[in-house]
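Engineer: File protein_23.txt follows (compact mmCIF, C-alpha atoms and all ligand atoms):
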# COMPACT_ATOMS: atom_id res chain seq x y z
CA MET A 1489 21.42 -116.31 -24.62
CA GLU A 1490 23.18 -119.45 -25.81
CA ILE A 1491 26.77 -120.13 -24.69
CA LEU A 1492 28.68 -121.98 -27.40
CA ARG A 1493 31.96 -123.69 -26.52
CA THR A 1494 33.24 -125.37 -29.68
CA PRO A 1495 33.36 -124.44 -33.38
CA GLY A 1496 31.02 -127.41 -34.03
CA GLU A 1497 28.44 -126.12 -31.55
CA ALA A 1498 28.69 -122.63 -33.03
CA ARG A 1499 28.17 -123.83 -36.60
CA GLN A 1500 25.25 -125.99 -35.56
CA TYR A 1501 23.67 -123.08 -33.69
CA VAL A 1502 23.91 -120.76 -36.72
CA SER A 1503 22.40 -123.37 -39.03
CA SER A 1504 19.56 -123.92 -36.55
CA LEU A 1505 18.52 -120.24 -36.57
CA ALA A 1506 14.99 -119.73 -37.88
CA PRO A 1507 14.91 -119.12 -41.65
CA GLY A 1508 13.63 -115.60 -40.89
CA ARG A 1509 17.00 -114.78 -39.32
CA ARG A 1510 18.79 -114.34 -42.59
CA SER A 1511 21.46 -111.92 -41.59
CA VAL A 1512 23.81 -112.89 -38.77
CA GLY A 1513 26.23 -110.35 -37.28
CA LEU A 1514 29.48 -111.46 -35.68
CA VAL A 1515 31.32 -109.32 -33.09
CA PRO A 1516 34.72 -110.85 -32.27
CA THR A 1517 36.32 -109.73 -28.99
CA MET A 1518 38.89 -110.81 -26.43
CA GLY A 1519 36.48 -109.99 -23.58
CA ALA A 1520 36.99 -107.49 -20.71
CA LEU A 1521 34.17 -105.69 -22.47
CA HIS A 1522 33.64 -101.94 -22.48
CA ALA A 1523 31.40 -99.48 -24.29
CA GLY A 1524 33.58 -99.76 -27.44
CA HIS A 1525 32.79 -103.45 -27.79
CA LEU A 1526 29.14 -102.85 -26.93
CA SER A 1527 28.85 -100.17 -29.64
CA LEU A 1528 29.78 -102.88 -32.19
CA VAL A 1529 27.14 -105.18 -30.69
CA GLN A 1530 24.59 -102.38 -31.03
CA MET A 1531 25.56 -101.78 -34.67
CA SER A 1532 25.12 -105.48 -35.35
CA ARG A 1533 21.74 -105.58 -33.63
CA ASP A 1534 20.56 -102.61 -35.70
CA ARG A 1535 21.67 -104.23 -38.92
CA CYS A 1536 21.29 -107.99 -38.51
CA ASP A 1537 18.52 -110.40 -37.52
CA ALA A 1538 20.76 -112.20 -35.00
CA THR A 1539 24.00 -111.16 -33.28
CA ILE A 1540 26.69 -113.51 -32.04
CA ALA A 1541 29.60 -112.20 -29.99
CA THR A 1542 32.80 -114.13 -29.45
CA ILE A 1543 35.08 -113.94 -26.43
CA PHE A 1544 38.46 -115.53 -26.98
CA VAL A 1545 41.87 -114.34 -25.79
CA ASN A 1546 43.75 -115.61 -28.82
CA PRO A 1547 47.20 -116.89 -27.79
CA THR A 1548 48.64 -116.85 -31.33
CA GLN A 1549 48.44 -113.06 -31.62
CA PHE A 1550 50.52 -112.41 -28.48
CA GLY A 1551 54.31 -112.23 -28.63
CA PRO A 1552 56.45 -114.09 -26.07
CA ASN A 1553 56.98 -110.94 -23.95
CA GLU A 1554 53.42 -109.62 -24.20
CA ASP A 1555 50.54 -109.68 -21.74
CA LEU A 1556 48.74 -112.96 -22.65
CA GLU A 1557 48.87 -114.32 -19.09
CA LYS A 1558 47.75 -111.12 -17.41
CA TYR A 1559 45.27 -110.02 -20.10
CA PRO A 1560 42.08 -109.16 -18.15
CA ARG A 1561 39.50 -111.96 -18.07
CA THR A 1562 36.06 -110.98 -16.80
CA LEU A 1563 33.82 -113.62 -18.40
CA GLU A 1564 30.92 -113.50 -15.96
CA ARG A 1565 30.54 -109.73 -16.23
CA ASP A 1566 31.01 -109.89 -20.01
CA LEU A 1567 28.17 -112.40 -20.32
CA GLU A 1568 25.92 -110.16 -18.21
CA LEU A 1569 26.68 -107.17 -20.45
CA LEU A 1570 26.06 -109.16 -23.63
CA GLY A 1571 22.84 -110.59 -22.17
CA ALA A 1572 21.64 -107.06 -21.41
CA GLU A 1573 22.42 -106.06 -25.03
CA GLY A 1574 20.24 -108.91 -26.29
CA VAL A 1575 22.81 -110.91 -28.24
CA ALA A 1576 21.51 -114.30 -29.39
CA ALA A 1577 24.64 -116.27 -28.51
CA VAL A 1578 28.21 -115.99 -27.27
CA PHE A 1579 30.93 -118.21 -28.68
CA THR A 1580 33.64 -118.56 -26.03
CA PRO A 1581 35.89 -121.51 -26.81
CA GLU A 1582 38.76 -122.89 -24.75
CA SER A 1583 42.13 -122.51 -26.41
CA ASN A 1584 42.34 -126.22 -27.31
CA ALA A 1585 38.99 -126.06 -29.10
CA MET A 1586 40.50 -123.48 -31.49
CA TYR A 1587 44.05 -124.89 -31.53
CA PRO A 1588 43.85 -128.65 -31.00
CA GLU A 1589 46.96 -130.77 -30.53
CA GLY A 1590 49.03 -130.71 -33.72
CA PHE A 1591 47.61 -127.41 -35.05
CA SER A 1592 50.08 -125.98 -37.58
CA THR A 1593 48.21 -124.06 -40.31
CA PHE A 1594 48.39 -120.24 -40.33
CA VAL A 1595 47.17 -117.45 -42.59
CA GLN A 1596 49.93 -115.42 -44.25
CA PRO A 1597 48.55 -111.91 -43.66
CA PRO A 1598 48.23 -109.32 -46.45
CA SER A 1599 50.91 -106.70 -47.16
CA VAL A 1600 49.07 -104.01 -45.17
CA ALA A 1601 50.05 -106.08 -42.09
CA GLU A 1602 53.77 -105.47 -42.66
CA PRO A 1603 54.52 -101.90 -41.44
CA LEU A 1604 53.91 -100.40 -37.96
CA GLU A 1605 52.34 -103.11 -35.77
CA GLY A 1606 53.86 -105.65 -38.15
CA VAL A 1607 57.32 -104.36 -37.22
CA CYS A 1608 56.65 -103.80 -33.49
CA ARG A 1609 54.72 -107.03 -32.95
CA PRO A 1610 56.12 -109.66 -35.32
CA GLY A 1611 53.63 -112.48 -35.89
CA HIS A 1612 50.75 -110.52 -34.34
CA PHE A 1613 48.69 -110.19 -37.53
CA ARG A 1614 49.46 -113.77 -38.53
CA GLY A 1615 47.70 -114.77 -35.30
CA VAL A 1616 44.88 -112.27 -35.83
CA ALA A 1617 44.23 -113.29 -39.45
CA THR A 1618 44.29 -116.97 -38.51
CA VAL A 1619 41.88 -116.67 -35.61
CA VAL A 1620 39.53 -114.35 -37.49
CA LEU A 1621 39.34 -116.75 -40.43
CA LYS A 1622 38.64 -119.60 -37.98
CA LEU A 1623 35.95 -117.52 -36.25
CA PHE A 1624 34.33 -116.68 -39.60
CA HIS A 1625 34.22 -120.40 -40.35
CA ALA A 1626 32.91 -121.42 -36.91
CA VAL A 1627 30.23 -118.69 -37.01
CA PRO A 1628 29.14 -118.40 -40.65
CA ALA A 1629 27.83 -114.86 -40.30
CA THR A 1630 26.80 -112.47 -43.09
CA HIS A 1631 28.38 -109.42 -41.41
CA ALA A 1632 31.31 -108.93 -39.03
CA PHE A 1633 31.93 -105.78 -36.99
CA PHE A 1634 35.39 -104.41 -36.18
CA GLY A 1635 36.45 -101.17 -34.48
CA ARG A 1636 38.44 -98.40 -36.21
CA LYS A 1637 40.32 -98.14 -32.89
CA ASP A 1638 42.48 -101.02 -34.19
CA TYR A 1639 42.89 -99.34 -37.57
CA GLN A 1640 45.60 -101.54 -39.06
CA GLN A 1641 43.79 -104.67 -37.87
CA LEU A 1642 40.65 -103.48 -39.65
CA LYS A 1643 42.64 -102.97 -42.88
CA VAL A 1644 44.23 -106.43 -42.52
CA ILE A 1645 40.82 -108.09 -42.11
CA GLU A 1646 39.31 -106.12 -45.01
CA ALA A 1647 42.22 -107.18 -47.25
CA MET A 1648 42.05 -110.82 -46.17
CA THR A 1649 38.29 -110.90 -46.78
CA ARG A 1650 38.77 -109.39 -50.25
CA ASP A 1651 41.79 -111.49 -51.22
CA LEU A 1652 40.28 -114.80 -50.12
CA GLY A 1653 36.81 -113.95 -51.45
CA LEU A 1654 35.15 -114.57 -48.08
CA ALA A 1655 31.35 -114.31 -48.15
CA ILE A 1656 31.09 -111.87 -45.26
CA GLU A 1657 30.74 -108.10 -45.13
CA ILE A 1658 33.16 -106.24 -42.86
CA ILE A 1659 31.54 -103.26 -41.13
CA PRO A 1660 33.77 -100.76 -39.27
CA GLY A 1661 32.67 -99.01 -36.08
CA ASP A 1662 33.87 -95.64 -34.78
CA THR A 1663 36.20 -95.40 -31.79
CA ILE A 1664 34.40 -94.89 -28.51
CA ARG A 1665 36.21 -92.61 -26.05
CA GLU A 1666 36.10 -91.48 -22.44
CA VAL A 1667 34.78 -87.93 -22.04
CA ASP A 1668 38.37 -86.63 -21.88
CA GLY A 1669 39.21 -88.30 -25.20
CA LEU A 1670 41.08 -91.45 -24.11
CA ALA A 1671 40.09 -94.29 -26.44
CA LEU A 1672 38.43 -97.10 -24.49
CA SER A 1673 40.65 -100.16 -24.26
CA SER A 1674 40.67 -103.27 -22.11
CA ARG A 1675 44.29 -102.35 -21.31
CA ASN A 1676 43.36 -98.94 -19.80
CA ARG A 1677 42.72 -100.75 -16.51
CA TYR A 1678 46.50 -101.30 -16.19
CA LEU A 1679 47.06 -97.50 -15.93
CA ASP A 1680 47.46 -95.82 -12.55
CA GLN A 1681 46.21 -92.26 -12.17
CA ALA A 1682 49.42 -90.52 -13.24
CA GLU A 1683 49.79 -92.83 -16.25
CA ARG A 1684 46.14 -92.29 -17.13
CA GLU A 1685 46.87 -88.55 -17.37
CA ARG A 1686 49.95 -89.03 -19.51
CA ALA A 1687 47.96 -91.38 -21.77
CA LEU A 1688 45.84 -88.36 -22.77
CA LEU A 1689 48.86 -87.02 -24.67
CA ILE A 1690 48.12 -89.59 -27.37
CA ARG A 1691 44.69 -88.12 -28.08
CA ALA A 1692 46.15 -84.60 -27.74
CA ALA A 1693 48.79 -85.36 -30.40
CA LEU A 1694 46.15 -86.69 -32.80
CA ALA A 1695 43.84 -83.74 -32.17
CA LYS A 1696 46.70 -81.27 -32.80
CA THR A 1697 47.50 -83.02 -36.05
CA GLU A 1698 43.91 -82.85 -37.18
CA ALA A 1699 43.76 -79.15 -36.27
CA ALA A 1700 47.00 -78.46 -38.17
CA VAL A 1701 45.57 -80.14 -41.26
CA LEU A 1702 42.41 -78.06 -40.93
CA GLY A 1703 44.73 -75.03 -40.73
CA GLY A 1704 46.31 -75.96 -44.06
CA GLU A 1705 49.43 -77.96 -43.09
CA ARG A 1706 50.21 -80.54 -45.79
CA GLU A 1707 53.83 -81.55 -44.98
CA ILE A 1708 53.88 -84.99 -43.40
CA ASP A 1709 57.28 -84.31 -41.75
CA ASN A 1710 55.82 -81.30 -39.94
CA LEU A 1711 52.76 -83.23 -38.81
CA GLU A 1712 54.87 -86.11 -37.51
CA SER A 1713 57.27 -83.75 -35.64
CA MET A 1714 54.28 -82.10 -34.02
CA MET A 1715 52.96 -85.45 -32.83
CA ARG A 1716 56.33 -86.47 -31.38
CA GLU A 1717 56.71 -83.12 -29.60
CA THR A 1718 53.25 -83.42 -28.08
CA LEU A 1719 53.92 -86.98 -26.93
CA ASN A 1720 57.28 -86.00 -25.44
CA PRO A 1721 57.36 -82.25 -24.73
CA ALA A 1722 60.92 -80.98 -25.23
CA GLY A 1723 62.79 -80.19 -22.03
CA ALA A 1724 60.26 -81.84 -19.77
CA ALA A 1725 62.87 -84.36 -18.62
CA ASP A 1726 64.96 -81.51 -17.09
CA THR A 1727 62.13 -80.22 -14.96
CA ARG A 1728 61.02 -83.64 -13.75
CA ASP A 1729 63.28 -83.81 -10.69
CA VAL A 1730 63.06 -80.20 -9.58
CA ASP A 1731 59.31 -79.82 -9.77
CA ALA A 1732 57.39 -82.88 -8.61
CA HIS A 1733 54.19 -81.40 -10.00
CA ARG A 1734 55.56 -81.69 -13.50
CA VAL A 1735 56.03 -85.45 -13.35
CA ASP A 1736 52.68 -86.15 -14.94
CA THR A 1737 53.39 -83.91 -17.90
CA ARG A 1738 56.69 -85.48 -18.83
CA GLY A 1739 55.31 -87.34 -21.82
CA VAL A 1740 54.85 -90.94 -22.72
CA ASP A 1741 57.63 -93.40 -21.85
CA LYS A 1742 58.29 -94.73 -25.34
CA ILE A 1743 56.94 -93.98 -28.80
CA ASP A 1744 56.78 -97.07 -31.02
CA TYR A 1745 55.54 -94.94 -33.92
CA ALA A 1746 53.76 -91.63 -34.52
CA VAL A 1747 53.17 -91.36 -38.26
CA VAL A 1748 50.86 -90.08 -40.97
CA VAL A 1749 50.47 -92.64 -43.79
CA ASP A 1750 48.21 -93.52 -46.71
CA ALA A 1751 44.82 -94.46 -45.20
CA GLU A 1752 44.44 -97.61 -47.32
CA THR A 1753 47.94 -99.05 -47.85
CA LEU A 1754 49.52 -97.57 -44.67
CA GLU A 1755 52.56 -96.73 -46.78
CA PRO A 1756 54.57 -93.55 -46.09
CA ILE A 1757 53.62 -90.35 -47.95
CA ARG A 1758 55.33 -86.96 -48.09
CA GLN A 1759 52.37 -84.67 -48.66
CA LEU A 1760 48.80 -84.86 -47.48
CA ASP A 1761 47.44 -85.19 -51.03
CA ARG A 1762 45.03 -88.08 -50.36
CA ARG A 1763 43.10 -89.68 -47.51
CA ALA A 1764 45.61 -90.38 -44.77
CA VAL A 1765 45.63 -91.60 -41.21
CA ALA A 1766 47.67 -90.52 -38.21
CA LEU A 1767 48.61 -93.59 -36.17
CA ILE A 1768 50.27 -93.69 -32.75
CA ALA A 1769 51.55 -96.56 -30.63
CA ALA A 1770 53.15 -95.53 -27.35
CA HIS A 1771 54.03 -97.00 -23.98
CA VAL A 1772 52.83 -95.38 -20.78
CA GLY A 1773 54.41 -97.20 -17.85
CA GLN A 1774 54.14 -100.90 -18.67
CA THR A 1775 51.11 -100.38 -20.90
CA ARG A 1776 51.20 -100.14 -24.68
CA LEU A 1777 48.40 -98.01 -26.14
CA ILE A 1778 47.34 -97.33 -29.74
CA ASP A 1779 45.04 -94.73 -31.27
CA ASN A 1780 44.52 -93.06 -34.64
CA GLN A 1781 42.81 -90.24 -36.52
CA VAL A 1782 41.76 -90.28 -40.16
CA LEU A 1783 42.77 -87.10 -42.05
CA THR A 1784 41.45 -85.95 -45.41
CA ASP A 1785 43.29 -83.63 -47.78
CA SER A 1786 40.17 -81.49 -48.07
CA ALA A 1787 39.91 -81.16 -44.27
P1 LIG A 1801 39.54 -106.54 -28.51
O1 LIG A 1801 38.68 -107.18 -27.48
O2 LIG A 1801 40.48 -105.52 -27.98
O3 LIG A 1801 40.19 -107.55 -29.42
O4 LIG A 1801 38.56 -105.70 -29.44
C1 LIG A 1801 37.45 -106.31 -30.04
C2 LIG A 1801 36.85 -105.36 -31.03
O5 LIG A 1801 36.43 -104.17 -30.37
C3 LIG A 1801 37.83 -104.94 -32.13
O6 LIG A 1801 37.13 -104.88 -33.37
C4 LIG A 1801 38.25 -103.58 -31.67
O7 LIG A 1801 38.67 -102.74 -32.74
C5 LIG A 1801 36.98 -103.05 -31.05
N1 LIG A 1801 37.27 -101.97 -30.10
C6 LIG A 1801 38.20 -101.96 -29.11
N2 LIG A 1801 38.21 -100.76 -28.50
C7 LIG A 1801 37.28 -100.00 -29.11
C8 LIG A 1801 36.82 -98.66 -28.92
N3 LIG A 1801 37.32 -97.85 -27.99
N4 LIG A 1801 35.84 -98.21 -29.75
C9 LIG A 1801 35.32 -99.00 -30.71
N5 LIG A 1801 35.70 -100.28 -30.92
C10 LIG A 1801 36.68 -100.77 -30.14
Rewrite the structure of this file - the entire thing - as structure tokens.
Ligand code: AMP
Structural biologist:
Amino acid sequence: MEILRTPGEARQYVSSLAPGRRSVGLVPTMGALHAGHLSLVQMSRDRCDATIATIFVNPTQFGPNEDLEKYPRTLERDLELLGAEGVAAVFTPESNAMYPEGFSTFVQPPSVAEPLEGVCRPGHFRGVATVVLKLFHAVPATHAFFGRKDYQQLKVIEAMTRDLGLAIEIIPGDTIREVDGLALSSRNRYLDQAERERALLIRAALAKTEAAVLGGEREIDNLESMMRETLNPAGAADTRDVDAHRVDTRGVDKIDYAVVVDAETLEPIRQLDRRAVALIAAHVGQTRLIDNQVLTDSA
């Protein structure tokens, strides 16, 4: 497995691949790898002649009060995992190789970047779109693999690829979960046991919404109320002090959003009369978690 440190090295490596290796799959990550990342690697290996993973904790997508400094970095273990998966190369640049002195050009992200994460994390998708475009250029792959776990990010990258006419196919991968339903995330390691239990409310809220749609519910207001109630069960705050055993069921600490929106534009809708997606961002302790569930009107 080749370790590539600069965009120049990465480009040279891709152009040196044997002519038989026509399709090249790119799997961009920020490291601290888990089975979700590895499922994207496996999809790429199934589909492409060569797979290149990237590990880069991109500073431009973190806000000033976010977890850039403490974001988990486990490079040695990540390289072992990628080696075992048989990737051809890993591109893992230093920050100054991606953002040299004087760097000042950014991608203005598409309109699907504006709501939800766009409101909660201003500048986040500007950083994501910029780094992804730079990664696509450094590693001229034919296919790039992104998880549905980061649903809005996937839509942003699809729109950017379409709008800028990039010669790369974006392939989405399903969300990989723990057996109890918690979506795998590098940030799950921040959760203590009690928080880990409360984090399950996110999946529970999405599952309830999906079940309600299957049962015929079409009113978005009703679906969104149900999600909020599941995330923060009414009255739980009153029982918290009197019954210590209830502490873990008191709900999440803060809901950034819990909405059902158009699955393509992420714009608000009133009725479930098209493909939609339920999206949640919530804080449990100090940790911000996101998850989602696609809903169809024929469900
Ligand atoms: P990250 O390292 O968090 O930037 O994620 C890198 C890629 O892995 C992104 O395309 C994510 O959407 C994807 N990913 C993260 N968590 C999961 C998961 N639980 N299942 C599938 N893909 C995931």
Engineer: Restricting the calculation to all atoms listed in the file: of A:Asp1741, A:Glu1712, A:Asp1785, A:Glu1666, which residue gets closest to ligand LIG 1801 (chain A)?
Structural biologist: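 Looking at the shortest contact to ligand LIG 1801 (chain A), the residue is A:Glu1666.
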Engineer: For ligand LIG 1801 (chain A), return the neighbouring residues as number ranges by chain (distance at most 8 Å; only C-alpha atoms and all ligand atoms).
Structural biologist: A: 1515-1525, 1527-1528, 1543, 1545, 1633-1639, 1641-1642, 1660-1665, 1671-1674
Engineer: Report, in Å with one decimal, the straight-line distance from CA of Gln1500 (chain A) to CA of Ala1655 (chain A).
Structural biologist: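 So the answer is 18.2 Å.
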Engineer: What's around Glu1602 (chain A) at 10 Å? Count all atoms listed in the file, leave out sequence neighbours fewer than 3 positions away in its own chain, and write the answer as a PyMOL selection string.
Structural biologist: chain A and resi 1597-1599+1605-1611+1613+1640+1644+1754-1755
Engineer: Can you work out the spacing between CA of Glu1554 (chain A) and CA of His1771 (chain A) in Å, to one decimal?
Structural biologist: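 Computing it gives 12.6 Å between the two atoms.
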Engineer: Go through A:Ile1659, A:Ala1498, A:Val1772, A:Ala1585 and flag the residue nearest Cys1536 (chain A), using only C-alpha atoms for the distances.
Structural biologist: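 Residue with the minimum atom-to-atom distance to Cys1536 (chain A): A:Ile1659.
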Engineer: Mind checking which residues fall within 10 Å of Leu1569 (chain A), counting only C-alpha atoms, ignoring those fewer than 4 positions away in the same chain, and posting them as a list of chain:residue names?
Structural biologist: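 Counting only C-alpha atoms, the residues come to A:Leu1521, A:His1522, A:Ala1523, A:Leu1526, A:Leu1563, A:Glu1564, A:Arg1565, A:Glu1573, A:Gly1574, A:Val1575.
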Engineer: Please produce a file of those selected residues containing C-alpha atoms, as a PDB file, in the coordinates of the input.
Structural biologist:
ATOM      1  CA  LEU A1521      34.170-105.690 -22.470  1.00  0.00           C
ATOM      2  CA  HIS A1522      33.640-101.940 -22.480  1.00  0.00           C
ATOM      3  CA  ALA A1523      31.400 -99.480 -24.290  1.00  0.00           C
ATOM      4  CA  LEU A1526      29.140-102.850 -26.930  1.00  0.00           C
ATOM      5  CA  LEU A1563      33.820-113.620 -18.400  1.00  0.00           C
ATOM      6  CA  GLU A1564      30.920-113.500 -15.960  1.00  0.00           C
ATOM      7  CA  ARG A1565      30.540-109.730 -16.230  1.00  0.00           C
ATOM      8  CA  GLU A1573      22.420-106.060 -25.030  1.00  0.00           C
ATOM      9  CA  GLY A1574      20.240-108.910 -26.290  1.00  0.00           C
ATOM     10  CA  VAL A1575      22.810-110.910 -28.240  1.00  0.00           C
TER      11      VAL A1575
END
Engineer: From the list A:Glu1752, A:Glu1589, A:His1612, A:Lys1742, which residue is nearest Pro1552 (chain A) when using all atoms listed in the file?
Structural biologist: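 Comparing A:Glu1752, A:Glu1589, A:His1612, A:Lys1742 against Pro1552 (chain A), the winner is A:His1612.
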Engineer: Select, from A:Ala1577, A:Leu1670, A:Ala1506, A:Met1715, the residue with the minimum atom-to-atom distance to Glu1683 (chain A), counting only C-alpha atoms.
Structural biologist: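 Of the candidates, the smallest distance to Glu1683 (chain A) is held by A:Leu1670.
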Engineer: Between A:Ile1778, A:Ala1601, A:Leu1679, A:Ala1626, which has the minimum distance to Pro1581 (chain A) (counting only C-alpha atoms)?
Structural biologist: A:Ala1626
Engineer: May I ask which of the residues A:Thr1562, A:Thr1649, A:Thr1580, A:Ser1511 is the closest one to Thr1494 (chain A), counting only C-alpha atoms?
Structural biologist: A:Thr1580
Engineer: If I put a ball of radius 6 Å at (49.7, -105.9, -19.1) in the file's coordinates, which residues poke into it when counting all atoms listed in the file, written as a PDB file with C-alpha atoms, keeping the file's coordinate frame?
Structural biologist:
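Result saved to part-v1.pdb:
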ATOM      1  CA  ASP A1555      50.540-109.680 -21.740  1.00  0.00           C
ATOM      2  CA  LYS A1558      47.750-111.120 -17.410  1.00  0.00           C
ATOM      3  CA  THR A1775      51.110-100.380 -20.900  1.00  0.00           C
TER       4      THR A1775
END
Engineer: In Å to one decimal, how far is CA of Val1619 (chain A) from CA of Ser1504 (chain A)?
Structural biologist: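 Between CA of Ser1504 (chain A) and CA of Val1619 (chain A) the gap works out to 23.5 Å.
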Engineer: Val1765 (chain A): which residues within 6 Å, counting all atoms listed in the file, same-chain residues fewer than 2 positions away excluded, as an mmCIF file with C-alpha atoms, keeping the file's coordinate frame?
Structural biologist:
data_model
loop_
_atom_site.group_PDB
_atom_site.id
_atom_site.type_symbol
_atom_site.label_atom_id
_atom_site.label_comp_id
_atom_site.auth_asym_id
_atom_site.auth_seq_id
_atom_site.Cartn_x
_atom_site.Cartn_y
_atom_site.Cartn_z
ATOM 1 C CA VAL A 1748 50.860 -90.080 -40.970
ATOM 2 C CA VAL A 1749 50.470 -92.640 -43.790
ATOM 3 C CA ALA A 1751 44.820 -94.460 -45.200
ATOM 4 C CA GLN A 1781 42.810 -90.240 -36.520
ATOM 5 C CA VAL A 1782 41.760 -90.280 -40.160
ATOM 6 C CA LEU A 1783 42.770 -87.100 -42.050
#
Engineer: N, CA and C atoms are what I want for region 1662-1673 of chain A; can you complete it accordingly and write them as a JSON list (two decimals), in the coordinates of the input?
Structural biologist:
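rebuild-v8.json was written with the following content:
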[["chain", "number", "residue", "atom", "x", "y", "z"],
["A", 1662, "ASP", "N", 33.05, -96.76, -35.27],
["A", 1662, "ASP", "CA", 33.87, -95.64, -34.78],
["A", 1662, "ASP", "C", 34.46, -95.94, -33.39],
["A", 1663, "THR", "N", 35.55, -95.24, -33.10],
["A", 1663, "THR", "CA", 36.20, -95.40, -31.79],
["A", 1663, "THR", "C", 35.38, -94.71, -30.70],
["A", 1664, "ILE", "N", 35.11, -95.45, -29.66],
["A", 1664, "ILE", "CA", 34.40, -94.89, -28.51],
["A", 1664, "ILE", "C", 35.44, -94.44, -27.48],
["A", 1665, "ARG", "N", 35.21, -93.23, -26.93],
["A", 1665, "ARG", "CA", 36.21, -92.61, -26.05],
["A", 1665, "ARG", "C", 35.61, -92.25, -24.70],
["A", 1666, "GLU", "N", 36.50, -92.09, -23.71],
["A", 1666, "GLU", "CA", 36.10, -91.48, -22.44],
["A", 1666, "GLU", "C", 35.78, -90.01, -22.73],
["A", 1667, "VAL", "N", 35.12, -89.33, -21.78],
["A", 1667, "VAL", "CA", 34.78, -87.93, -22.04],
["A", 1667, "VAL", "C", 36.02, -87.08, -22.29],
["A", 1668, "ASP", "N", 37.15, -87.43, -21.67],
["A", 1668, "ASP", "CA", 38.37, -86.63, -21.88],
["A", 1668, "ASP", "C", 39.13, -87.03, -23.14],
["A", 1669, "GLY", "N", 38.60, -87.98, -23.91],
["A", 1669, "GLY", "CA", 39.21, -88.30, -25.20],
["A", 1669, "GLY", "C", 39.99, -89.60, -25.25],
["A", 1670, "LEU", "N", 40.32, -90.19, -24.10],
["A", 1670, "LEU", "CA", 41.08, -91.45, -24.11],
["A", 1670, "LEU", "C", 40.24, -92.55, -24.76],
["A", 1671, "ALA", "N", 40.82, -93.21, -25.77],
["A", 1671, "ALA", "CA", 40.09, -94.29, -26.44],
["A", 1671, "ALA", "C", 39.89, -95.44, -25.46],
["A", 1672, "LEU", "N", 38.68, -95.96, -25.38],
["A", 1672, "LEU", "CA", 38.43, -97.10, -24.49],
["A", 1672, "LEU", "C", 39.27, -98.28, -24.94],
["A", 1673, "SER", "N", 39.85, -98.98, -23.98],
["A", 1673, "SER", "CA", 40.65, -100.16, -24.26],
["A", 1673, "SER", "C", 40.64, -101.05, -23.02]]
